[in-house]
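Here's the structure, in structure tokens; my notes come after.
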Amino acid sequence: MNVRVRIAPSPTGSPHIGTVWQALFDFVFAKKKHGKFILRIEDTDRARYVAESEQEIVETFKWLGFEFDEGPNIGGDFGPYRQSERLEIYEKFARELVKKGTAFADEGAVRFKTKKTGVTSWHDLVGSKLITFENSTQDDFVILKSDGYPTYNFANVVDDHLMEITHVIRGNEFISSTPKHLMIYESFGWQPPQFAHLPVLVGADRSKLSKRHGAKSALEFKKEGYLKEAILNFLALLGWTHPEGREIFTIDEMIGLFNFKDFNLASAFFDTTKLDWLNGEYIRKSQNSKLKSQILEYLKDISGGAIEHPTEQEVEKVIPLIKERIKKLSDFIPLTDFLWEKAEYDLQIFQKLNIKDQKEILTKIIEELKNMERPWKADIFEATFRKLAEDLGLSAAQVFQLIRVAVSGQLVTPPLFESIQILGENETVKRVNEVANIIGS
RNA sequence: GGCUCUGUCGUCUAGGGGUUAGGACACAGCGUUCUCAACGCUGUAACACGGGUUCGAAUCCCGUCAGAGCCA
């Protein structure tokens, strides 16, 4: 059997993380079965239609690597994959059902006549279980609205059949409408696909993640400095478990091992705490050269154009210093900007140091800096200021921390010696001098 | 309200008749340390509740409760 799986988002806004989570399993299953992954735009809800979101859907999937085999392309023709351009098809099939007697006209709309006896059931792939509905609970339902647009229930079935979809993988909010879908397949005499109803992702209030509840779009995560590899890995961990219990794995590894039977049926709370950790893990194990281009690309992205500083060489130099200190690409900025920009000083910060006579100490530090042979060497730098600390009756940590704040205006920076090396001898002395001048005794 | 799905540490989860209920994140403590990280070690923390079956139930069955979804 040639497996064909579709993801069918509605263009009601930039796809949020719940949609991406669904798409991940659609994609992984299709690849696992060496089948086709298809994108279809379900735009029959005209009230909520947002034109740009079609492009955002394509852009998001492309960014995450969900290459689809069939579907619209950026800037290309959405035509056949957009339901709004297939209205005559739904109308034709609705008429066919009326002719067969399983649907009837009702105040301008067309309504499907459900079976009222017996049961409708199917074997759901997720959790491998039988789900059964009494047909007596299924009311007649509208398939074609009076404005000529099909309802979700109808368009979905017709398109899935026409596109020869073999596996319908979607959220379990559709479990209740599946008996309706099955009845439509039956009255056409069509072979229904297999169903896999995934649990839904929920937000802090335990209700389904949605834009209305402030669910972030996938592209916002990109803006916040998350790597796509980390996002994908994190999403995979919600509901699915690697057979060896591994927490870190690639999508390719997942494709080889995936099975719906192993899915956890409970809805998962989307909590980014672990995503932050995973993102840090991915950054730490990234090759320096790769991380360099990721950071440069990120900086360019958020500034919306070319940037002067940091340059490629500057980023390269600083990467070993920050690699273990950033969880997100965005963390790069506050940690390093004092290196390429003028440091800003809030004098209150010096009080937090809990060191007396700072002006005098800074003067001594400047003296040492001026006497030190250039270029400064890390070991000599360290020995010099350890000695100075001892002479002043201070701990080495106190002296280093004072230099740190004097040079950066911050309590937290990358390692001091290395930072100063990037800053340069002249700039370092200049900054310490400035601080010594503005600080009170 | 009817129907359906789901309940294991704070979060993501493993397990699925006999386990000290395992792991990861987070959190706390200790170590290392020029700050912060990273790293290492240690710790706190869970089977929703009630019945039943059984020698034995977190695990199987029934009910209750709770949450979610769809429909009205």
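Residue names in the structure tokens use chain letters A, B, ... in the order shown, residue numbers from 1 in each chain, and ligand numbers from 1 in the order shown.
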
For this session: Enumerate as a VMD selection string all residues of range 78-311 of chain A assigned to strand (DSSP E) by DSSP on the backbone, naming them with the chain letters and numbers the document uses.
Result: chain A and resid 103 to 106 109 to 112 119 to 124 129 to 134 141 to 144 167 to 171 194 to 198

Set the distance at 10 Å and use only C-alpha atoms (C1' of nucleotides): which residues neighbour Tyr81 in chain A once local chain neighbours fewer than 3 positions away are removed? I'd like the list as an mmCIF file with C-alpha atoms, in the first residue's frame.
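Done, and the output landed in out_5.cif:
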```
data_model
loop_
_atom_site.group_PDB
_atom_site.id
_atom_site.type_symbol
_atom_site.label_atom_id
_atom_site.label_comp_id
_atom_site.auth_asym_id
_atom_site.auth_seq_id
_atom_site.Cartn_x
_atom_site.Cartn_y
_atom_site.Cartn_z
ATOM 1 C CA ALA A 8 -4.619 20.106 6.632
ATOM 2 C CA ILE A 38 0.735 16.215 1.540
ATOM 3 C CA LEU A 39 -0.251 19.740 2.526
ATOM 4 C CA ARG A 40 -3.805 20.914 2.033
ATOM 5 C CA ILE A 41 -5.221 24.278 2.981
ATOM 6 C CA GLU A 42 -8.642 24.060 4.605
ATOM 7 C CA ASP A 43 -9.976 27.537 4.105
ATOM 8 C CA GLU A 70 2.441 17.460 -2.765
ATOM 9 C CA GLY A 71 1.005 20.835 -1.963
ATOM 10 C CA PRO A 72 1.387 24.524 -2.589
ATOM 11 C CA ASP A 77 -0.233 28.142 -7.067
ATOM 12 C CA PHE A 78 -2.354 27.120 -4.104
ATOM 13 C CA SER A 84 -12.244 27.362 -1.475
ATOM 14 C CA GLU A 85 -11.303 26.652 -5.094
ATOM 15 C CA ARG A 86 -12.994 23.268 -5.103
ATOM 16 C CA ASP A 159 -10.773 15.619 -0.226
ATOM 17 C CA MET A 163 -6.379 12.669 -2.644
#
```

Residues of chain B that have any atom at most 8 Å from an atom of range 171-179 of chain A: could you tabulate them with the shortest-distance atom pair and the distance in Å to one decimal, using only C-alpha atoms (C1' of nucleotides), ordered by chain and increasing number, as a tab-separated table?
```
residue	atom	partner	partner_atom	distance
B:C3	C1'	A:Ser176	CA	7.8
B:U4	C1'	A:Ser176	CA	6.1
B:C5	C1'	A:Asn172	CA	7.3
B:G69	C1'	A:Glu173	CA	4.9
B:C70	C1'	A:Ser176	CA	5.2
```

Any chance you can output those residues with C-alpha atoms (C1' of nucleotides) as a CSV table (one decimal), in the first residue's frame?
```csv
chain,number,residue,atom,x,y,z
B,3,C,C1',-21.6,11.4,23.8
B,4,U,C1',-16.2,10.5,23.6
B,5,C,C1',-11.2,10.7,25.3
B,69,G,C1',-13.0,17.6,23.4
B,70,C,C1',-17.3,17.4,20.2
```

Chain B contacts on chain A, only C-alpha atoms (C1' of nucleotides), 6 Å, as a PDB file with C-alpha atoms, in the first residue's frame:
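Result file iface.pdb:
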```pdb
ATOM      1  CA  GLU A 173     -10.925  16.703  19.126  1.00  0.00           C
ATOM      2  CA  SER A 176     -16.553  12.835  17.996  1.00  0.00           C
ATOM      3  CA  ALA A 266      -2.878  11.712  27.907  1.00  0.00           C
ATOM      4  CA  LYS A 274      12.625  21.468  29.113  1.00  0.00           C
ATOM      5  CA  GLU A 324      28.194  26.771  27.496  1.00  0.00           C
ATOM      6  CA  ARG A 325      26.523  29.900  28.756  1.00  0.00           C
ATOM      7  CA  ALA A 397      37.344  36.923  43.519  1.00  0.00           C
ATOM      8  CA  PHE A 400      38.364  40.094  39.537  1.00  0.00           C
ATOM      9  CA  VAL A 412      27.916  38.481  34.809  1.00  0.00           C
TER      10      VAL A 412
END
```

For this session: Name the residues of range 183-330 of chain A that come out as alpha helix (DSSP H) in a backbone DSSP run; write them as a ChimeraX atom specification.
Result: /A:183-188,218-223,228-237,251-257,273-285,288-303,312-322

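Remark: for U44 in chain B, the closest of the candidate residues B:A21, B:A57, B:C27, B:C62 is B:C27 (distances computed over only C-alpha atoms (C1' of nucleotides)).
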
For this session: Extract, using only C-alpha atoms (C1' of nucleotides), all DNA, RNA and protein residues at most 9 Å from Val3 in chain A, discarding same-chain residues fewer than 3 positions from it, and format them as a PyMOL selection string.
Result: chain A and resi 30+33-37+164-167

For this session: Do a neighbour search on Ser408 in chain A at 9 Å with only C-alpha atoms (C1' of nucleotides), toss out local chain neighbours closer than 2 positions, and write the hits as an NGL selection string.
Result: :A and (338-339 or 342-345 or 403-406 or 410-413 or 431)

With N, CA and C atoms kept, could you save the residues just selected as a short mmCIF file (atom, residue, chain, number, x, y, z; two decimals), in the first residue's frame?
```cif
data_model
loop_
_atom_site.label_atom_id
_atom_site.label_comp_id
_atom_site.auth_asym_id
_atom_site.auth_seq_id
_atom_site.Cartn_x
_atom_site.Cartn_y
_atom_site.Cartn_z
N PHE A 338 28.63 44.09 25.49
CA PHE A 338 29.60 45.04 26.05
C PHE A 338 30.94 44.94 25.33
N LEU A 339 31.12 43.85 24.60
CA LEU A 339 32.39 43.68 23.88
C LEU A 339 32.45 44.54 22.62
N LYS A 342 29.79 50.35 23.64
CA LYS A 342 30.21 51.07 24.83
C LYS A 342 29.48 50.49 26.05
N ALA A 343 30.23 50.22 27.11
CA ALA A 343 29.59 49.69 28.31
C ALA A 343 28.80 50.79 28.99
N GLU A 344 27.67 50.41 29.58
CA GLU A 344 26.88 51.39 30.32
C GLU A 344 26.96 51.08 31.79
N TYR A 345 27.13 52.13 32.58
CA TYR A 345 27.35 51.90 34.01
C TYR A 345 26.23 52.46 34.85
N ILE A 403 37.09 44.31 38.52
CA ILE A 403 37.56 44.56 37.15
C ILE A 403 36.44 44.24 36.16
N ARG A 404 35.75 43.13 36.42
CA ARG A 404 34.67 42.72 35.52
C ARG A 404 33.64 43.83 35.38
N VAL A 405 33.19 44.33 36.51
CA VAL A 405 32.14 45.36 36.46
C VAL A 405 32.69 46.63 35.83
N ALA A 406 33.95 46.96 36.14
CA ALA A 406 34.54 48.17 35.58
C ALA A 406 34.63 48.09 34.06
N GLN A 410 28.61 44.99 34.06
CA GLN A 410 27.74 43.87 34.39
C GLN A 410 28.38 42.98 35.45
N LEU A 411 27.49 42.33 36.20
CA LEU A 411 27.97 41.39 37.22
C LEU A 411 28.30 40.03 36.62
N VAL A 412 27.71 39.78 35.45
CA VAL A 412 27.92 38.48 34.81
C VAL A 412 28.45 38.71 33.40
N THR A 413 29.55 38.09 33.11
CA THR A 413 30.13 38.16 31.76
C THR A 413 30.79 36.82 31.46
N ARG A 431 38.40 51.95 29.81
CA ARG A 431 37.15 51.75 30.55
C ARG A 431 37.39 51.79 32.05
#
```

For this session: For Leu87 in chain A, work out the shell of residues within 10 Å, counting only C-alpha atoms (C1' of nucleotides) and skipping chain neighbours fewer than 4 positions away, then give it as a list of chain:residue names.
Result: A:Thr44, A:Arg82, A:Gln83, A:Glu91, A:Lys92, A:Leu144, A:Gly148, A:Tyr149, A:Pro150, A:Ala155

Output N, CA and C atoms for every residue in the selection just made, as an mmCIF file, in the first residue's frame.
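Saved the output as selection25.cif:
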```cif
data_model
loop_
_atom_site.group_PDB
_atom_site.id
_atom_site.type_symbol
_atom_site.label_atom_id
_atom_site.label_comp_id
_atom_site.auth_asym_id
_atom_site.auth_seq_id
_atom_site.Cartn_x
_atom_site.Cartn_y
_atom_site.Cartn_z
ATOM 1 N N THR A 44 -12.272 26.832 4.399
ATOM 2 C CA THR A 44 -13.711 27.037 4.228
ATOM 3 C C THR A 44 -14.300 27.945 5.296
ATOM 4 N N ARG A 82 -6.398 24.227 -2.152
ATOM 5 C CA ARG A 82 -7.169 25.163 -1.356
ATOM 6 C C ARG A 82 -8.639 24.816 -1.543
ATOM 7 N N GLN A 83 -9.301 24.529 -0.443
ATOM 8 C CA GLN A 83 -10.673 24.041 -0.560
ATOM 9 C C GLN A 83 -11.621 25.069 -1.182
ATOM 10 N N GLU A 91 -20.113 20.375 -4.164
ATOM 11 C CA GLU A 91 -21.516 20.488 -4.526
ATOM 12 C C GLU A 91 -21.969 19.261 -5.316
ATOM 13 N N LYS A 92 -21.114 18.843 -6.231
ATOM 14 C CA LYS A 92 -21.429 17.674 -7.054
ATOM 15 C C LYS A 92 -21.632 16.436 -6.176
ATOM 16 N N LEU A 144 -23.443 20.843 3.361
ATOM 17 C CA LEU A 144 -23.259 21.978 2.456
ATOM 18 C C LEU A 144 -24.095 23.128 2.990
ATOM 19 N N GLY A 148 -23.121 27.828 -0.134
ATOM 20 C CA GLY A 148 -22.413 27.017 -1.118
ATOM 21 C C GLY A 148 -21.117 26.414 -0.595
ATOM 22 N N TYR A 149 -20.702 26.820 0.594
ATOM 23 C CA TYR A 149 -19.479 26.258 1.169
ATOM 24 C C TYR A 149 -19.778 24.941 1.882
ATOM 25 N N PRO A 150 -18.855 23.991 1.776
ATOM 26 C CA PRO A 150 -19.052 22.731 2.488
ATOM 27 C C PRO A 150 -18.696 22.906 3.961
ATOM 28 N N ALA A 155 -16.121 18.406 3.432
ATOM 29 C CA ALA A 155 -14.971 18.716 2.571
ATOM 30 C C ALA A 155 -13.798 17.807 2.904
#
```

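With distances restricted to only C-alpha atoms (C1' of nucleotides), B:C60 is the closest residue to G17 in chain B from B:C55, B:C60, B:C39, B:C30.
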
Problem set entry | Who sits within 12 Å of Glu107 in chain A, only C-alpha atoms (C1' of nucleotides), same chain under 5 positions skipped, as a VMD selection string | chain A and resid 142 144 to 147

What would the file look like if the residues just selected were written as a PDB file, in the first residue's frame with N, CA and C atoms?
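Result file follows (result-v3.pdb):
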```
ATOM      1  N   VAL A 142     -25.280  19.086   8.743  1.00  0.00           N
ATOM      2  CA  VAL A 142     -25.146  19.852   7.506  1.00  0.00           C
ATOM      3  C   VAL A 142     -23.840  19.475   6.805  1.00  0.00           C
ATOM      4  N   LEU A 144     -23.443  20.843   3.361  1.00  0.00           N
ATOM      5  CA  LEU A 144     -23.259  21.978   2.456  1.00  0.00           C
ATOM      6  C   LEU A 144     -24.095  23.128   2.990  1.00  0.00           C
ATOM      7  N   LYS A 145     -23.419  24.262   3.234  1.00  0.00           N
ATOM      8  CA  LYS A 145     -24.140  25.398   3.804  1.00  0.00           C
ATOM      9  C   LYS A 145     -24.885  26.151   2.707  1.00  0.00           C
ATOM     10  N   SER A 146     -25.780  27.017   3.119  1.00  0.00           N
ATOM     11  CA  SER A 146     -26.614  27.713   2.130  1.00  0.00           C
ATOM     12  C   SER A 146     -25.776  28.662   1.264  1.00  0.00           C
ATOM     13  N   ASP A 147     -24.586  29.052   1.745  1.00  0.00           N
ATOM     14  CA  ASP A 147     -23.732  29.924   0.923  1.00  0.00           C
ATOM     15  C   ASP A 147     -22.903  29.128  -0.088  1.00  0.00           C
TER      16      ASP A 147
END
```

Exercise. Between A:Val435, A:Thr12, A:Thr19, A:Ser128, which one has atoms that come closest to Gln194 in chain A, using only C-alpha atoms?
Worked result: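 Closest candidate: A:Ser128.
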
Exercise. Looking at B:G22, B:G29, B:G40, B:G16, which one is nearest to U59 in chain B, with distances taken over only C-alpha atoms (C1' of nucleotides)?
Worked result: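 Among B:G22, B:G29, B:G40, B:G16, it is B:G16 that comes nearest to U59 in chain B.
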
For this session: For each of B:G31, B:A46, B:U20, B:A72, take the minimum atom-to-atom distance to A58 in chain B, counting only C-alpha atoms (C1' of nucleotides), then give the residue where this is smallest.
Result: B:A46

For this session: Find the residues near Lys115 in chain A: any atom within 9 Å, counting only C-alpha atoms (C1' of nucleotides), skip ones fewer than 5 places away on the same chain, and give them as a PyMOL selection string.
Result: chain A and resi 135-136+138-140+183
